[in-house]
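Novice: My questions all concern the structure below.
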Amino acid sequence: MKSSYTSEPAFHLMQDRTGIVIPVYLPQDVDTASGELLLRDTVSMFCHIVSHPATICLSVDGEQFGAEVAKRLSKEFGISYCVSPVNRGKLNAVNNGMRNLLQQRSLEYLAVVDQDGDHFANELLNFVRAAEHVGREKVLMLGRRISRHRPMGFLRGELEELCDRVLLDALMYHAVIEGHPLSLEYVFSLEEFPDFHSGYKLFSRETATAVFLSEPQQMGVSDTCYYRHACEAVMVVEAIASGAYFGVVNRSTFNEQPISTFGLYNRIQLAADKMIWACKRLAIPIPFVKQWLANHIPRLLLHTLAPDGKAELEEIRQVVMTTLAGEDVQIEPLFEPLFI
């Protein structure tokens, strides 16, 4: 354990010893011109808070999905970039970007921020200060959105709450089985369940090394599930499994996301996959998954939107259970309290 009071101010740690990975994916199905403007704005913001632009890495997920844009921005701002020849998903881009930056031995912290302009550079200092306060070699700091619904909309906010609640249950179960208590003293002062799927994260160097230089734990799921749908869960689970102390800081968002690829995905499978991989990775018995879904689905406001909200949640429950337990599993109707 290191001292929470270092001789080097947090501002200098952020400025001189923090790398930033920005995964890049600019598909033709969205407004690529707006996407490029937002990416440029994001790059410009972070260039103002670091001493050396090369500590910012644009990691392009698929050559045809932003390589030329990354090349132009690298030339303009002096940042680094890397390009995956094949598009696999955000986790693939983060992996490549982290491996690129970990070659810079001076970096003590490595952040991941999305390209969408909704992750503000001026708030990175709070992540670094909080990580220093934790005072451990292995740390994961998560940026908590004060509202999930405001930036993402009602439906997506509700689905992420379900995934977050199940992931917390899974991590707690795994901690008991492993005999290592889950440390949440830097989390629960802000909220009863963490915003695990937030795209703003900070890893200490030791945590980043453990997560991004190790062999993938794909657990037999598809590339789409692992690299695209469950990407945030993978980063969180592998960091905590490696022994990282977990902390949370508040972060700002726009009242509505400027751009999003959420509409390109099958949202039933997307939500289900976030839970499926985590439950496989943490070896959660089927009855526990079944009960956690029964615990959390009725409490969601989306469940009161009948018939559509209930039907969507039921579809997600069916996909999770049949994937984990097999097609012949018996799935009883979901019960809920009679009185509120």
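As shown in the structure tokens, the chain order sets the letters A, B, ...; within each chain, residues go from 1, and ligands are also counted from 1 in the order they appear.
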If DSSP is run on the backbone, what residues of region 20-239 of chain A are strand (DSSP E or B)? A reply as a PyMOL selection string would be ideal.

Specialist: chain A and resi 20-24+56-61+80-84+109-112+139-145+186+201-204

Novice: Can you list every residue in region 207-270 of chain A that DSSP puts in helix (DSSP H, G or I), as number ranges by chain?

Specialist: A: 207-212, 223-229, 231-241, 262-264, 267-270

Novice: Just write the chosen residues, N, CA and C atoms, as a tab-separated table (two decimals), in the first residue's frame.

Specialist:
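Final file, part.tsv:
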chain	number	residue	atom	x	y	z
A	207	THR	N	-2.99	-2.12	-12.50
A	207	THR	CA	-4.28	-2.68	-12.88
A	207	THR	C	-4.39	-2.82	-14.39
A	208	ALA	N	-3.98	-1.79	-15.11
A	208	ALA	CA	-4.03	-1.85	-16.58
A	208	ALA	C	-3.19	-2.99	-17.11
A	209	THR	N	-2.03	-3.21	-16.52
A	209	THR	CA	-1.16	-4.31	-16.94
A	209	THR	C	-1.86	-5.65	-16.73
A	210	ALA	N	-2.50	-5.81	-15.57
A	210	ALA	CA	-3.18	-7.07	-15.26
A	210	ALA	C	-4.36	-7.31	-16.19
A	211	VAL	N	-5.09	-6.26	-16.53
A	211	VAL	CA	-6.30	-6.41	-17.33
A	211	VAL	C	-5.99	-6.55	-18.81
A	212	PHE	N	-5.11	-5.70	-19.32
A	212	PHE	CA	-4.97	-5.58	-20.77
A	212	PHE	C	-3.78	-6.33	-21.37
A	223	ASP	N	-17.60	-13.32	-30.08
A	223	ASP	CA	-16.81	-12.08	-30.12
A	223	ASP	C	-17.71	-10.87	-29.89
A	224	THR	N	-18.92	-10.90	-30.44
A	224	THR	CA	-19.84	-9.77	-30.27
A	224	THR	C	-20.16	-9.57	-28.80
A	225	CYS	N	-20.43	-10.65	-28.10
A	225	CYS	CA	-20.73	-10.56	-26.67
A	225	CYS	C	-19.54	-10.00	-25.91
A	226	TYR	N	-18.37	-10.57	-26.14
A	226	TYR	CA	-17.19	-10.24	-25.34
A	226	TYR	C	-16.61	-8.88	-25.67
A	227	TYR	N	-16.36	-8.63	-26.94
A	227	TYR	CA	-15.64	-7.42	-27.34
A	227	TYR	C	-16.55	-6.20	-27.52
A	228	ARG	N	-17.84	-6.44	-27.76
A	228	ARG	CA	-18.72	-5.31	-28.06
A	228	ARG	C	-19.74	-5.07	-26.94
A	229	HIS	N	-20.54	-6.07	-26.64
A	229	HIS	CA	-21.64	-5.86	-25.69
A	229	HIS	C	-21.17	-5.79	-24.24
A	231	CYS	N	-18.18	-5.17	-23.00
A	231	CYS	CA	-16.84	-4.58	-22.88
A	231	CYS	C	-16.61	-3.88	-21.54
A	232	GLU	N	-17.58	-3.13	-21.06
A	232	GLU	CA	-17.40	-2.41	-19.79
A	232	GLU	C	-17.35	-3.39	-18.62
A	233	ALA	N	-18.20	-4.41	-18.67
A	233	ALA	CA	-18.20	-5.42	-17.62
A	233	ALA	C	-16.86	-6.16	-17.58
A	234	VAL	N	-16.30	-6.46	-18.74
A	234	VAL	CA	-15.01	-7.15	-18.79
A	234	VAL	C	-13.94	-6.32	-18.09
A	235	MET	N	-13.88	-5.03	-18.39
A	235	MET	CA	-12.85	-4.19	-17.78
A	235	MET	C	-13.00	-4.14	-16.26
A	236	VAL	N	-14.24	-4.02	-15.79
A	236	VAL	CA	-14.48	-3.95	-14.35
A	236	VAL	C	-14.16	-5.27	-13.67
A	237	VAL	N	-14.71	-6.36	-14.20
A	237	VAL	CA	-14.54	-7.67	-13.56
A	237	VAL	C	-13.07	-8.07	-13.52
A	238	GLU	N	-12.36	-7.90	-14.63
A	238	GLU	CA	-10.96	-8.32	-14.65
A	238	GLU	C	-10.10	-7.44	-13.74
A	239	ALA	N	-10.44	-6.17	-13.63
A	239	ALA	CA	-9.69	-5.30	-12.72
A	239	ALA	C	-9.89	-5.74	-11.27
A	240	ILE	N	-11.14	-5.97	-10.89
A	240	ILE	CA	-11.43	-6.37	-9.51
A	240	ILE	C	-10.88	-7.77	-9.23
A	241	ALA	N	-10.98	-8.67	-10.21
A	241	ALA	CA	-10.44	-10.02	-10.04
A	241	ALA	C	-8.93	-10.00	-9.86
A	262	PHE	N	-25.94	3.12	-30.03
A	262	PHE	CA	-26.82	2.19	-29.32
A	262	PHE	C	-27.91	1.66	-30.25
A	263	GLY	N	-28.45	2.54	-31.10
A	263	GLY	CA	-29.54	2.14	-31.98
A	263	GLY	C	-29.15	1.13	-33.05
A	264	LEU	N	-27.83	0.92	-33.23
A	264	LEU	CA	-27.37	-0.05	-34.23
A	264	LEU	C	-27.41	-1.48	-33.71
A	267	ARG	N	-30.88	-4.55	-28.89
A	267	ARG	CA	-30.77	-4.16	-27.50
A	267	ARG	C	-31.14	-5.28	-26.53
A	268	ILE	N	-31.96	-6.24	-26.97
A	268	ILE	CA	-32.26	-7.39	-26.12
A	268	ILE	C	-30.98	-8.19	-25.89
A	269	GLN	N	-30.28	-8.51	-26.98
A	269	GLN	CA	-29.04	-9.28	-26.87
A	269	GLN	C	-27.96	-8.48	-26.18
A	270	LEU	N	-27.92	-7.18	-26.45
A	270	LEU	CA	-26.92	-6.31	-25.82
A	270	LEU	C	-27.04	-6.37	-24.30

Novice: Please identify all polymer residues within 9 Å of Ala278 (chain A), counting only C-alpha atoms, omitting same-chain residues fewer than 2 positions from it, and present them as a ChimeraX atom specification.

Specialist: /A:167,170-171,230,233-234,237,273-276,280-284

Novice: Could those selected residues go to a file with C-alpha atoms, as a short mmCIF file (atom, residue, chain, number, x, y, z; two decimals), in the first residue's frame?

Specialist:
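Contents of the output file part.cif:
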data_model
loop_
_atom_site.label_atom_id
_atom_site.label_comp_id
_atom_site.auth_asym_id
_atom_site.auth_seq_id
_atom_site.Cartn_x
_atom_site.Cartn_y
_atom_site.Cartn_z
CA LEU A 167 -23.14 -7.44 -11.88
CA ALA A 170 -22.24 -11.48 -9.14
CA LEU A 171 -19.14 -9.72 -7.81
CA ALA A 230 -19.91 -6.81 -22.43
CA ALA A 233 -18.20 -5.42 -17.62
CA VAL A 234 -15.01 -7.15 -18.79
CA VAL A 237 -14.54 -7.67 -13.56
CA ASP A 273 -24.79 -10.29 -23.04
CA LYS A 274 -23.63 -7.82 -20.39
CA MET A 275 -24.94 -10.22 -17.77
CA ILE A 276 -24.16 -13.49 -19.55
CA LYS A 280 -19.94 -17.14 -16.83
CA ARG A 281 -16.66 -15.50 -15.85
CA LEU A 282 -17.55 -15.42 -12.16
CA ALA A 283 -19.01 -18.97 -12.20
CA ILE A 284 -22.44 -17.97 -10.89
#

Novice: Using only C-alpha atoms, determine which residues lie at most 6 Å from Val139 (chain A), disregarding the query and same-chain residues fewer than 4 positions distant; provide the list as a ChimeraX atom specification.

Specialist: /A:203-204,244-245

Novice: Using only C-alpha atoms, determine which residues lie at most 12 Å from Trp292 (chain A), disregarding the query and same-chain residues fewer than 3 positions distant; provide the list as a PDB file with C-alpha atoms, in the first residue's frame.

Specialist:
ATOM      1  CA  LEU A 162     -30.610  -3.986 -14.396  1.00  0.00           C
ATOM      2  CA  CYS A 163     -27.175  -4.994 -15.696  1.00  0.00           C
ATOM      3  CA  ASP A 164     -25.410  -3.000 -12.989  1.00  0.00           C
ATOM      4  CA  ARG A 165     -27.462  -4.549 -10.193  1.00  0.00           C
ATOM      5  CA  VAL A 166     -26.874  -8.100 -11.447  1.00  0.00           C
ATOM      6  CA  LEU A 167     -23.144  -7.441 -11.884  1.00  0.00           C
ATOM      7  CA  LEU A 168     -22.885  -6.188  -8.309  1.00  0.00           C
ATOM      8  CA  ASP A 169     -24.621  -9.354  -7.077  1.00  0.00           C
ATOM      9  CA  ALA A 170     -22.238 -11.479  -9.144  1.00  0.00           C
ATOM     10  CA  TYR A 173     -21.081 -13.799  -4.739  1.00  0.00           C
ATOM     11  CA  MET A 275     -24.940 -10.220 -17.766  1.00  0.00           C
ATOM     12  CA  CYS A 279     -22.021 -14.669 -14.817  1.00  0.00           C
ATOM     13  CA  ILE A 284     -22.436 -17.968 -10.889  1.00  0.00           C
ATOM     14  CA  PRO A 285     -24.834 -20.911 -10.362  1.00  0.00           C
ATOM     15  CA  ILE A 286     -28.009 -20.762 -12.452  1.00  0.00           C
ATOM     16  CA  PRO A 287     -30.434 -20.502  -9.480  1.00  0.00           C
ATOM     17  CA  PHE A 288     -28.668 -17.354  -8.296  1.00  0.00           C
ATOM     18  CA  VAL A 289     -28.879 -15.665 -11.711  1.00  0.00           C
ATOM     19  CA  ASN A 295     -35.297  -9.565  -7.600  1.00  0.00           C
ATOM     20  CA  HIS A 296     -34.393  -6.668  -9.851  1.00  0.00           C
ATOM     21  CA  ILE A 297     -36.768  -6.686 -12.833  1.00  0.00           C
ATOM     22  CA  PRO A 298     -39.938  -5.842 -10.837  1.00  0.00           C
ATOM     23  CA  ARG A 299     -38.266  -2.847  -9.171  1.00  0.00           C
ATOM     24  CA  ARG A 317     -34.602 -12.694 -18.943  1.00  0.00           C
ATOM     25  CA  VAL A 320     -30.009 -14.835 -20.239  1.00  0.00           C
ATOM     26  CA  MET A 321     -31.509 -18.005 -18.787  1.00  0.00           C
ATOM     27  CA  LEU A 334     -41.957 -13.658 -13.070  1.00  0.00           C
TER      28      LEU A 334
END

Novice: Extract, using only C-alpha atoms, all DNA, RNA and protein residues at most 9 Å from Tyr25 (chain A), discarding same-chain residues fewer than 4 positions from it, and format them as an MDAnalysis selection string.

Specialist: chainID A and resid 35 59:62 65:66 87 89:90 93 115

Novice: Write the residues of the preceding selection, restricted to N, CA and C atoms, as an mmCIF file, in the first residue's frame.

Specialist:
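Final output, saved to again18.cif:
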data_model
loop_
_atom_site.group_PDB
_atom_site.id
_atom_site.type_symbol
_atom_site.label_atom_id
_atom_site.label_comp_id
_atom_site.auth_asym_id
_atom_site.auth_seq_id
_atom_site.Cartn_x
_atom_site.Cartn_y
_atom_site.Cartn_z
ATOM 1 N N GLY A 35 -19.635 12.837 -35.839
ATOM 2 C CA GLY A 35 -18.745 11.984 -35.052
ATOM 3 C C GLY A 35 -17.315 12.482 -35.080
ATOM 4 N N SER A 59 -7.406 4.794 -30.680
ATOM 5 C CA SER A 59 -7.329 3.389 -31.067
ATOM 6 C C SER A 59 -8.534 3.057 -31.931
ATOM 7 N N VAL A 60 -8.288 2.876 -33.214
ATOM 8 C CA VAL A 60 -9.357 2.700 -34.197
ATOM 9 C C VAL A 60 -9.735 1.227 -34.293
ATOM 10 N N ASP A 61 -11.023 0.967 -34.155
ATOM 11 C CA ASP A 61 -11.515 -0.408 -34.194
ATOM 12 C C ASP A 61 -12.006 -0.738 -35.600
ATOM 13 N N GLY A 62 -11.069 -1.117 -36.452
ATOM 14 C CA GLY A 62 -11.409 -1.432 -37.838
ATOM 15 C C GLY A 62 -10.960 -0.324 -38.764
ATOM 16 N N PHE A 65 -13.197 2.299 -40.264
ATOM 17 C CA PHE A 65 -14.086 2.985 -39.335
ATOM 18 C C PHE A 65 -13.396 4.127 -38.589
ATOM 19 N N GLY A 66 -12.479 4.818 -39.280
ATOM 20 C CA GLY A 66 -11.897 6.001 -38.671
ATOM 21 C C GLY A 66 -10.400 6.134 -38.770
ATOM 22 N N ASN A 87 -12.697 -4.829 -37.365
ATOM 23 C CA ASN A 87 -13.612 -4.299 -36.354
ATOM 24 C C ASN A 87 -14.158 -5.445 -35.508
ATOM 25 N N GLY A 89 -15.031 -4.609 -31.796
ATOM 26 C CA GLY A 89 -15.793 -4.015 -30.711
ATOM 27 C C GLY A 89 -14.913 -3.126 -29.865
ATOM 28 N N LYS A 90 -15.549 -2.373 -28.968
ATOM 29 C CA LYS A 90 -14.827 -1.383 -28.165
ATOM 30 C C LYS A 90 -13.693 -1.993 -27.353
ATOM 31 N N ALA A 93 -10.532 -2.226 -29.249
ATOM 32 C CA ALA A 93 -9.851 -0.934 -29.389
ATOM 33 C C ALA A 93 -9.155 -0.537 -28.098
ATOM 34 N N GLN A 115 -15.351 8.506 -27.423
ATOM 35 C CA GLN A 115 -15.077 9.519 -28.445
ATOM 36 C C GLN A 115 -16.192 10.541 -28.590
#

Novice: May I have the residues within 9 Å of Gly143 (chain A) as an MDAnalysis selection string, using only C-alpha atoms and disregarding those fewer than 4 positions away in the same chain?

Specialist: chainID A and resid 127 195:196 198:202 247:252

Novice: Write the residues of the preceding selection, restricted to C-alpha atoms, as a PDB file, in the first residue's frame.

Specialist:
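Everything below was put into result_14.pdb:
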ATOM      1  CA  PHE A 127     -10.171  10.582 -10.958  1.00  0.00           C
ATOM      2  CA  ASP A 195     -22.471   2.750 -12.642  1.00  0.00           C
ATOM      3  CA  PHE A 196     -20.330  -0.124 -13.930  1.00  0.00           C
ATOM      4  CA  SER A 198     -19.932   4.120 -17.644  1.00  0.00           C
ATOM      5  CA  GLY A 199     -17.362   4.716 -20.382  1.00  0.00           C
ATOM      6  CA  TYR A 200     -15.070   6.916 -18.259  1.00  0.00           C
ATOM      7  CA  LYS A 201     -12.543   4.826 -16.297  1.00  0.00           C
ATOM      8  CA  LEU A 202      -9.088   5.265 -14.790  1.00  0.00           C
ATOM      9  CA  GLY A 247     -13.643   3.580  -6.329  1.00  0.00           C
ATOM     10  CA  VAL A 248     -16.186   5.947  -7.846  1.00  0.00           C
ATOM     11  CA  VAL A 249     -16.249   9.661  -8.601  1.00  0.00           C
ATOM     12  CA  ASN A 250     -19.101  11.736  -9.987  1.00  0.00           C
ATOM     13  CA  ARG A 251     -18.820  12.949 -13.559  1.00  0.00           C
ATOM     14  CA  SER A 252     -20.831  15.255 -15.778  1.00  0.00           C
TER      15      SER A 252
END

Novice: In Å, rounded to a single decimal, give me how far CA of Ser214 (chain A) is from CA of Gly78 (chain A).

Specialist: 29.2 Å

Novice: Nearest to Cys47 (chain A) among A:Pro151, A:Gly19, A:Gly220, A:Gly309, with distances taken over only C-alpha atoms: which residue is it?

Specialist: A:Gly19

Novice: So how far away is CA of Gly135 (chain A) from CA of Thr42 (chain A), in Å?

Specialist: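 These two atoms are separated by 29.0 Å.
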
Novice: Nearest residue to Ala294 (chain A) out of A:Glu185, A:Glu336, A:Asp31, A:Asp118, using only C-alpha atoms?

Specialist: A:Glu336
